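Colleague: This is the structure I have questions about; it appears just below.
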Number of protein chains: 2
Amino acid sequence: MNFQQLRIVRETVRQNFNLTEVGNALFTSQSGVSKHIKDLEDELGVELFVRKGKRLLGLTDPGKELLEIVERMLLDAKNIKQLAEQFANRDQGMLTVATTHTQARYALPRVVAGFKHEFPKVHLALHQSSPHELVHLLKTGEADIGIATEALDDEPELVCFPYYEWHHAVVVTQNHPLLEQSALTLESLADYPIITYHEGFTGRAKLDQAFAAAGLVPDIVLTALDADVIKTYVELGLGVGILASMAFDPRKDDGLVLLDTQHLFPQNVTRIAVRRGHYLRAFAYRFMELCSSQLKESVIRNSLNSRSRTDDLD
Amino acid sequence: MNFQQLRIVRETVRQNFNLTEVGNALFTSQSGVSKHIKDLEDELGVELFVRKGKRLLGLTDPGKELLEIVERMLLDAKNIKQLAEQFANRDQGMLTVATTHTQARYALPRVVAGFKHEFPKVHLALHQSSPHELVHLLKTGEADIGIATEALDDEPELVCFPYYEWHHAVVVTQNHPLLEQSALTLESLADYPIITYHEGFTGRAKLDQAFAAAGLVPDIVLTALDADVIKTYVELGLGVGILASMAFDPRKDDGLVLLDTQHLFPQNVTRIAVRRGHYLRAFAYRFMELCSSQLKESVIRNSLNSRSRTDDLD
DNA sequence: GATGCTTACGATACCCGTAAAGATA
DNA sequence: TATCTTTACGGGTATCGTAAGCATC
């Protein structure tokens with residue numbers, strides 16, 4: 001048994017049991033891949049893959065159990081390398097943060113600036129993606145840290161921490177009839193066409209939830225992935241915008257007016273997530289502490305070790 | 001990085017940093033060992049061992065962190081082999097149970113007989129040892145299951161389950177003055193020389209505890225590792241014996257009399273322990289279930305996965 | 001017929017063990 | 001001096017990639 005065999009087993013599953021692709025993905029020959037699998041199966045005395053003739057179709061029962069262990073071992077192998085990196089060059093290396101448009105554009109610039117200043121030699125890669133893709137990036141180890149409002153909890157492989165809280169707000173054009181109202185209500189909002197985030201993005205679920213609870217069916221005419229698109233179409237008069245309040249800049253968005261709606265929609269919590277068992281460099285912990293001063297390295301390490309999933313602070 | 005290097009790192013620590021011994025332990029040359037260590041350090045770019053000239057003295061900080069991961073990886077490597085074994089020969093293989101004299105002699109015969117009957121092809125090895133040695137056997141993977149009354153809890157690497165409860169009892173020769181008393185007390189016991197277990201064995205701590213709480217200093221004239229020795233010297237008139245009640249057989253021990261002392265000493269709990277992260281064969285789970293019908297495979301697996309240490313049932 | 005897996009085979013790189021030299025106690 | 005580690009070197013083995021042969025779709 002060697003590491004190449006383990007890598008091949010893992011990659012075979014990832015590449016849908018196409019050994020040619022496995023060879024490509026691991027920069028080796030397909031014949032070698034085939035032989036390695038055979039050798040491993042011979043050594044263990046168990047068939048790991050379900051075959052139909054020569055084609056591989058899936059994992060056998062022992063294969064499935066083995067895969068779990070293999071994943072952990074390869075993660076550990078990677079951890080060893082990270083660990084060495086960490087000690088070889090304490091303030092040098094690579095940090096990949098996967099996040100959504102909203103966080104990248106409005107919440108993180110401050111953090112990134114501070115981090116860059118503190119660790120000029122660290123190559124910081126910001127990876128913008130959807131919340132679901134983000135979870136995948138964390139799981140595969142392509143990203144070290146994930147930051148989003150959606151999809152992060154309910155993932156047993158991840159540990160997440162609250163980063164900050166925020167509310168949705170409404171933006172309208174100047175002279176919009178809603179500006180006349182003294183207190184904005186869900187009912188009056190529902191009278192107008194609405195422009196907001198796509199499902200699964202930036203707290204959209206909380207919006208739907210609020211309308212549904214009030215027995216209202218809003219007329220959502222455009223769903224966007226980011227606030228810039230929303231604002232653009234609100235300015236065009238297509239409808240009323242609902243977006244994260246921090247996405248509104250009174251200086252730059254001078255054609256629009258922000259209406260406070262803290263009383264209408266539930267609070268949102270943006271979270272920071274890391275993969276359980278993934279070794280983090282010291283500067284990665286520092287990045288999270290820059291996000292929220294409560295997130296000390298010791299606090300995070302603790303939560304990583306206890307396998308519980310109730311990781312909220314306070 | 002390969003497995004041989006990892007094995008060498010682990011073995012180097014185990015052999016107190018003597019590379020010659022490492023070579024012997026791993027059945028390879030010492031020069032190879034030396035080179036492997038150097039190669040690994042070069043690859044990782046970090047010194048793993050503290051050196052004084054050419055001699056290795058200990059682990060560096062990165063070495064310590066690395067060792068933790070290495071231990072886990074090698075355990076996983078072993079787990080993979082066990083897993084394969086399990087599927088290749090479901091009812092065939094090897095099970096090593098480490099336990100103390102008391103359990104081996106009085107509690108386990110019933111279980112072992114049942115197990116042998118159910119799994120005739122499994123090679124069951126009973127490994128008699130002291131509670132502390134037993135913990136070591138579990139940690140190094142030399143034993144799959146450990147059974148003892150002492151030393152098993154307070155080991156974060158182990159998960160333990162209650163097996164059965166028992167009490168100490170007093171044995172005396174026929175016609176002993178204590179037989180005249182209506183209700184036995186600690187005070188009257190302390191009037192006689194006492195023969196009981198060695199410290200760290202078979203609930204001895206509970207005995208000391210009970211005497212200390214009563215402000216008594218018992219005159220312990222002989223400490224033994226097992227009940228047979230205790231009974232022998234009680235018969236010789238050396239003193240009063242205190243032993244586990246199940247170690248008394250009225251049929252065979254006809255020169256002695258058992259006095260019930262449930263009210264004098266705290267209850268003891270004998271526990272079954274397994275190492276966290278150690279893959280167990282299906283028949284190993286079955287062995288534990290034979291010990292206590294509450295210990296279903298699913299129950300044990302659950303406790304192994306949650307890292308909490310409060311593993312008592314109900 | 002196109003894609004995908006296995007087997008065969010030669011080149012290469014890696015690993016091991018012996019032996020000699022150097023360091024440490 | 002005895003023990004221990006490193007380095008050098010030769011032999012053996014395992015791994016890799018090309019290419020050819022088959023099976024599957």
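Each chain in the structure tokens gets a letter, A, B, ..., in the order shown, and its residues are numbered from 1; ligands are numbered from 1 in order too.
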Quote the C-alpha RMSD, in Å to one decimal, that results from superposing chain A on chain B by least squares across all C-alpha atoms in order.

Modeller: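 The fitted C-alpha deviation between chain B and chain A is 0.2 Å.
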
Colleague: For C:DA23, find every residue with an atom within 10 Å (counting only C-alpha atoms (C1' of nucleotides)), except residues of its own chain fewer than 4 positions away, and show them as a PyMOL selection string.

Modeller: (chain B and resi 53-55) or (chain D and resi 4-6)

Colleague: Using the selection just defined, write its residues with C-alpha atoms (C1' of nucleotides) as a PDB file, in the first residue's frame.

Modeller:
ATOM      1  CA  GLY B  53      26.169  16.512  16.645  1.00  0.00           C
ATOM      2  CA  LYS B  54      25.141  13.283  15.016  1.00  0.00           C
ATOM      3  CA  ARG B  55      23.029  11.927  17.854  1.00  0.00           C
TER       4      ARG B  55
ATOM      5  C1'  DC D   4      26.167   5.293  16.946  1.00  0.00           C
ATOM      6  C1'  DT D   5      25.361   8.082  12.677  1.00  0.00           C
ATOM      7  C1'  DT D   6      26.383   9.579   8.089  1.00  0.00           C
TER       8       DT D   6
END

Colleague: Neighbouring residues of D:DT3 were defined as those with any atom within 10 Å, considering only C-alpha atoms (C1' of nucleotides); residues of the same chain fewer than 5 positions away were excluded. Please report them as a list in words.

Modeller: Thr20 of chain B; DT24 and DA25 of chain C

Colleague: If you keep all heavy atoms, can you produce a file of those selected residues as a short mmCIF file (atom, residue, chain, number, x, y, z; two decimals), in the first residue's frame?

Modeller:
data_model
loop_
_atom_site.label_atom_id
_atom_site.label_comp_id
_atom_site.auth_asym_id
_atom_site.auth_seq_id
_atom_site.Cartn_x
_atom_site.Cartn_y
_atom_site.Cartn_z
N THR B 20 19.79 2.71 15.43
CA THR B 20 20.18 1.31 15.27
C THR B 20 19.04 0.40 15.70
O THR B 20 18.67 -0.55 15.00
CB THR B 20 21.43 1.00 16.12
OG1 THR B 20 22.44 1.96 15.80
CG2 THR B 20 21.95 -0.38 15.83
P DT C 24 30.02 15.33 17.22
OP1 DT C 24 28.89 16.26 17.13
OP2 DT C 24 31.41 15.81 17.39
"O5'" DT C 24 29.70 14.29 18.38
"C5'" DT C 24 28.50 13.52 18.32
"C4'" DT C 24 28.53 12.43 19.37
"O4'" DT C 24 29.52 11.44 19.03
"C3'" DT C 24 28.88 12.93 20.77
"O3'" DT C 24 27.82 12.58 21.64
"C2'" DT C 24 30.18 12.17 21.11
"C1'" DT C 24 30.07 10.95 20.21
N1 DT C 24 31.35 10.29 19.87
C2 DT C 24 31.52 8.97 20.18
O2 DT C 24 30.67 8.29 20.73
N3 DT C 24 32.74 8.44 19.81
C4 DT C 24 33.78 9.10 19.19
O4 DT C 24 34.83 8.52 18.92
C5 DT C 24 33.54 10.49 18.90
C7 DT C 24 34.60 11.29 18.23
C6 DT C 24 32.34 11.02 19.24
P DA C 25 27.66 13.30 23.04
OP1 DA C 25 26.22 13.59 23.20
OP2 DA C 25 28.65 14.39 23.14
"O5'" DA C 25 28.08 12.16 24.07
"C5'" DA C 25 27.27 10.99 24.15
"C4'" DA C 25 28.05 9.92 24.91
"O4'" DA C 25 29.10 9.41 24.06
"C3'" DA C 25 28.75 10.45 26.14
"O3'" DA C 25 27.92 10.25 27.29
"C2'" DA C 25 30.04 9.61 26.23
"C1'" DA C 25 30.15 8.96 24.87
N9 DA C 25 31.39 9.29 24.15
C8 DA C 25 31.81 10.51 23.72
N7 DA C 25 32.97 10.50 23.11
C5 DA C 25 33.36 9.18 23.16
C6 DA C 25 34.49 8.51 22.68
N6 DA C 25 35.50 9.11 22.03
N1 DA C 25 34.56 7.17 22.89
C2 DA C 25 33.54 6.56 23.54
N3 DA C 25 32.42 7.08 24.03
C4 DA C 25 32.39 8.42 23.80
#

Colleague: Taking only stretch 143-307 of chain A into account, list the residues labelled alpha helix (DSSP H) by DSSP (computed from the backbone), as JSON, numbers by chain.

Modeller: {"A": [186, 187, 188, 189, 204, 205, 206, 207, 208, 209, 210, 211, 212, 213, 227, 228, 229, 230, 231, 232, 233, 234, 235, 282, 283, 284, 285, 286, 287, 288, 289, 290, 291, 297, 298, 299, 300, 301, 302, 303, 304, 305]}

Colleague: Could you give me, as JSON lines, every chain C residue with an atom at most 12 Å from chain A, plus its closest atom pair and distance in Å to one decimal, counting only C-alpha atoms (C1' of nucleotides), rows ordered by chain then number?

Modeller:
{"residue": "C:DT3", "atom": "C1'", "partner": "A:Thr20", "partner_atom": "CA", "distance": 9.7}
{"residue": "C:DG4", "atom": "C1'", "partner": "A:Thr20", "partner_atom": "CA", "distance": 7.1}
{"residue": "C:DC5", "atom": "C1'", "partner": "A:Lys54", "partner_atom": "CA", "distance": 5.5}
{"residue": "C:DT6", "atom": "C1'", "partner": "A:Ser34", "partner_atom": "CA", "distance": 7.6}
{"residue": "C:DT7", "atom": "C1'", "partner": "A:Ser31", "partner_atom": "CA", "distance": 9.1}
{"residue": "C:DA8", "atom": "C1'", "partner": "A:Ser31", "partner_atom": "CA", "distance": 11.2}

Colleague: Which residues are near stretch 271-286 of chain B? Cut-off 7 Å, only C-alpha atoms (C1' of nucleotides), ignore same chain within fewer than 5 positions. Put them as a list in words.

Modeller: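 Listed by chain and then number, they are Leu75, Asn79, Gln82, Gln86, Leu95, Leu138, Lys139, Asp144, Ile145, Gly146, Ile147, Ala148, Thr149, Leu152, Glu157, Leu158, Val159, Cys160, Phe161, Pro162, Tyr163, Glu297 and Leu304 of chain B.
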
Colleague: Using N, CA, C and O atoms, can you export the residues from the last selection as a compact mmCIF listing (two decimals), in the first residue's frame?

Modeller:
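Printed below is result-v8.txt as written:
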# COMPACT_ATOMS: atom_id res chain seq x y z
N LEU B 75 -2.26 4.46 12.12
CA LEU B 75 -3.42 3.76 12.65
C LEU B 75 -4.43 3.52 11.54
O LEU B 75 -4.99 2.44 11.40
N ASN B 79 -5.98 0.25 10.00
CA ASN B 79 -7.43 0.09 9.89
C ASN B 79 -7.84 -0.42 8.52
O ASN B 79 -8.75 -1.22 8.38
N GLN B 82 -7.30 -4.08 8.43
CA GLN B 82 -8.32 -4.75 9.23
C GLN B 82 -9.63 -4.82 8.46
O GLN B 82 -10.33 -5.84 8.46
N GLN B 86 -11.67 -8.02 7.33
CA GLN B 86 -13.06 -8.16 7.75
C GLN B 86 -13.93 -8.63 6.59
O GLN B 86 -14.76 -9.52 6.75
N LEU B 95 -8.50 -11.92 17.48
CA LEU B 95 -9.02 -10.93 18.43
C LEU B 95 -8.18 -11.02 19.69
O LEU B 95 -8.04 -12.10 20.27
N LEU B 138 -3.60 -1.34 24.64
CA LEU B 138 -4.67 -0.78 23.83
C LEU B 138 -4.15 0.37 22.97
O LEU B 138 -4.44 0.47 21.79
N LYS B 139 -3.35 1.21 23.59
CA LYS B 139 -2.87 2.40 22.88
C LYS B 139 -1.96 2.03 21.72
O LYS B 139 -1.97 2.69 20.69
N ASP B 144 -7.06 -5.41 21.10
CA ASP B 144 -8.25 -4.80 20.51
C ASP B 144 -9.22 -4.32 21.59
O ASP B 144 -9.84 -3.28 21.47
N ILE B 145 -9.34 -5.12 22.63
CA ILE B 145 -10.32 -4.85 23.67
C ILE B 145 -9.63 -4.96 25.02
O ILE B 145 -8.82 -5.88 25.23
N GLY B 146 -9.92 -4.06 25.92
CA GLY B 146 -9.37 -4.13 27.26
C GLY B 146 -10.48 -4.22 28.29
O GLY B 146 -11.51 -3.57 28.14
N ILE B 147 -10.30 -5.03 29.29
CA ILE B 147 -11.32 -5.18 30.32
C ILE B 147 -10.67 -5.11 31.68
O ILE B 147 -9.79 -5.91 32.00
N ALA B 148 -11.07 -4.13 32.48
CA ALA B 148 -10.49 -3.98 33.81
C ALA B 148 -11.36 -3.04 34.64
O ALA B 148 -12.24 -2.35 34.12
N THR B 149 -11.09 -3.04 35.92
CA THR B 149 -11.82 -2.16 36.82
C THR B 149 -11.07 -0.85 37.03
O THR B 149 -11.65 0.14 37.41
N LEU B 152 -8.90 2.60 33.33
CA LEU B 152 -9.40 2.74 31.97
C LEU B 152 -10.03 4.11 31.70
O LEU B 152 -9.87 4.66 30.63
N GLU B 157 -7.64 8.74 24.93
CA GLU B 157 -7.52 7.97 23.69
C GLU B 157 -8.43 6.74 23.69
O GLU B 157 -8.59 6.10 22.67
N LEU B 158 -8.96 6.42 24.87
CA LEU B 158 -9.81 5.22 24.95
C LEU B 158 -11.27 5.62 25.13
O LEU B 158 -11.58 6.68 25.67
N VAL B 159 -12.13 4.74 24.70
CA VAL B 159 -13.55 4.88 25.01
C VAL B 159 -13.92 3.69 25.85
O VAL B 159 -13.59 2.56 25.49
N CYS B 160 -14.59 3.94 26.98
CA CYS B 160 -14.92 2.77 27.78
C CYS B 160 -16.38 2.70 28.17
O CYS B 160 -17.08 3.70 28.23
N PHE B 161 -16.83 1.50 28.36
CA PHE B 161 -18.23 1.19 28.62
C PHE B 161 -18.32 0.36 29.89
O PHE B 161 -17.47 -0.49 30.13
N PRO B 162 -19.36 0.56 30.68
CA PRO B 162 -19.53 -0.28 31.85
C PRO B 162 -19.85 -1.71 31.43
O PRO B 162 -20.61 -1.92 30.50
N TYR B 163 -19.22 -2.64 32.13
CA TYR B 163 -19.43 -4.05 31.81
C TYR B 163 -20.32 -4.65 32.90
O TYR B 163 -21.47 -5.05 32.63
N GLU B 297 -23.35 -3.24 18.62
CA GLU B 297 -22.37 -2.62 17.74
C GLU B 297 -22.71 -1.16 17.48
O GLU B 297 -21.83 -0.29 17.51
N LEU B 304 -17.82 5.85 19.69
CA LEU B 304 -16.50 6.01 19.09
C LEU B 304 -16.46 7.27 18.24
O LEU B 304 -15.44 7.93 18.14

Colleague: I'd like a table as CSV: residues in chain D with an atom no more than 12 Å from stretch 43-52 of chain A, each row giving the shortest atom pair and its distance in Å to one decimal, only C-alpha atoms (C1' of nucleotides) counted, sorted by chain and rising residue number.

Modeller:
residue,atom,partner,partner_atom,distance
D:DA23,C1',A:Lys52,CA,10.1
D:DT24,C1',A:Lys52,CA,8.9
D:DC25,C1',A:Lys52,CA,11.8
